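Okay, so here's the structure we're looking at.
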Amino acid sequence: MGKSKSDKLSIFLSLVLRHHPEAANLKLDEHGWANVDKLLVGINNTGRKIDRTILEEIVATDKKQRYSFNSDRTLIRANQGHSISVDVELLEQKPPEFLYHGTASRFMESIRKKGLKSMSRLYVHLSKDIEVAREVGKRHGNPVVLKIHSGKMDRDGYKFYFSKNGVWLTKKVDMKYFEEINV
């Protein structure tokens, strides 16, 4: 079953707001905000058809709550997941004792040697839920879930952030702070 037109627009919106704003001839400010009117023009100029109603529907129905508008809805940004350097004004928070990270088995050799790194993103993404982590791992292949000893990391001085869409973020997770669990 193919992706709907709205799904394809959401994927392109994610690309623009998280990785390549130039794909819609756009510039993000230092906090990742894009002018909504310029975004709509930029996306339409790529041959995709979008208006404010469609954009608001994408933001409202996105299962992962990837996007936020500012208070007067003139600006939009991705909540997290950027590969470009922006400050989405995350607030440092104390994590729960354990968090989880989903990955694919093919990455485990490297992870066991080097720990979890943000790779092309600004942060390592963590979940408070094993099932969510397993689903993330499935997207990349045979899933593996890592149990992260985030409380210990916090006590050892690591910083954690909680994004608007419920994802826990940290810069890296050293090997001594995780264990593989069976899912």
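Ordering of the structure tokens sets the chain letters (A, B, ...); residue numbers start at 1 within each chain; ligands are numbered from 1 in the order shown.
Excluding Ser163 (chain A) itself and any same-chain residue fewer than 6 positions from it, the protein and nucleic acid residues within 8 Å of it, counting only C-alpha atoms, are Asn79, Gln80, Leu90 and Leu169 of chain A.
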Same residues, C-alpha atoms, output as a PDB file, in the first residue's frame:
ATOM      1  CA  ASN A  79      10.433  19.644  17.733  1.00  0.00           C
ATOM      2  CA  GLN A  80      13.589  17.509  17.509  1.00  0.00           C
ATOM      3  CA  LEU A  90      15.132  22.281  25.039  1.00  0.00           C
ATOM      4  CA  LEU A 169      17.429  13.343  24.289  1.00  0.00           C
TER       5      LEU A 169
END
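Every protein, DNA or RNA residue with an atom at most 6 Å from Val124 (chain A), where only C-alpha atoms count and chain neighbours fewer than 2 positions away do not, is listed here: A:Ser118, A:Leu169, A:Thr170, A:Lys171.
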Could you list, as a CSV table (one decimal) with N, CA and C atoms, in the first residue's frame, every residue within 8 Å of Thr74 (chain A), counting only C-alpha atoms and ignoring same-chain residues fewer than 3 positions away?
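To be explicit, this is the file written out as part28.csv:
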chain,number,residue,atom,x,y,z
A,35,ASN,N,9.3,30.7,8.7
A,35,ASN,CA,8.1,31.5,8.4
A,35,ASN,C,7.1,30.6,7.6
A,36,VAL,N,5.9,30.5,8.1
A,36,VAL,CA,4.9,29.6,7.5
A,36,VAL,C,4.5,30.0,6.1
A,37,ASP,N,4.3,31.3,5.8
A,37,ASP,CA,4.0,31.7,4.5
A,37,ASP,C,5.1,31.4,3.5
A,69,PHE,N,3.8,25.0,16.1
A,69,PHE,CA,3.6,26.4,15.7
A,69,PHE,C,4.0,27.3,16.8
A,70,ASN,N,4.4,28.5,16.6
A,70,ASN,CA,4.5,29.5,17.6
A,70,ASN,C,3.1,30.0,18.0
A,71,SER,N,3.0,30.8,19.0
A,71,SER,CA,1.6,31.2,19.5
A,71,SER,C,0.7,31.8,18.5
### Message
Using DSSP secondary structure from the backbone, list all alpha helix (DSSP H) positions within chain A, as a ChimeraX atom specification.
### Response
/A:5-18,36-44,52-61,108-114,130-139,150-155
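Residue neighbourhood of Gly32 (chain A), excluding near-sequence residues (fewer than 6 positions): Leu17, Arg77, Ala78, Val86, Asp87 and Val88 of chain A, at 8 Å, using only C-alpha atoms.
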### Task
Determine, counting only C-alpha atoms, which protein, DNA and RNA residues have an atom within 8 Å of an atom of Asp154 (chain A); residues of the same chain fewer than 6 positions away are not included. Present the result as a PyMOL selection string.
chain A and resi 94-95+160
### Query
Neighbours of Leu55 (chain A) within 10 Å (only C-alpha atoms; same-chain residues fewer than 6 positions away dropped), as an NGL selection string?
:A and (6 or 9-10 or 13 or 36 or 39-40 or 76)
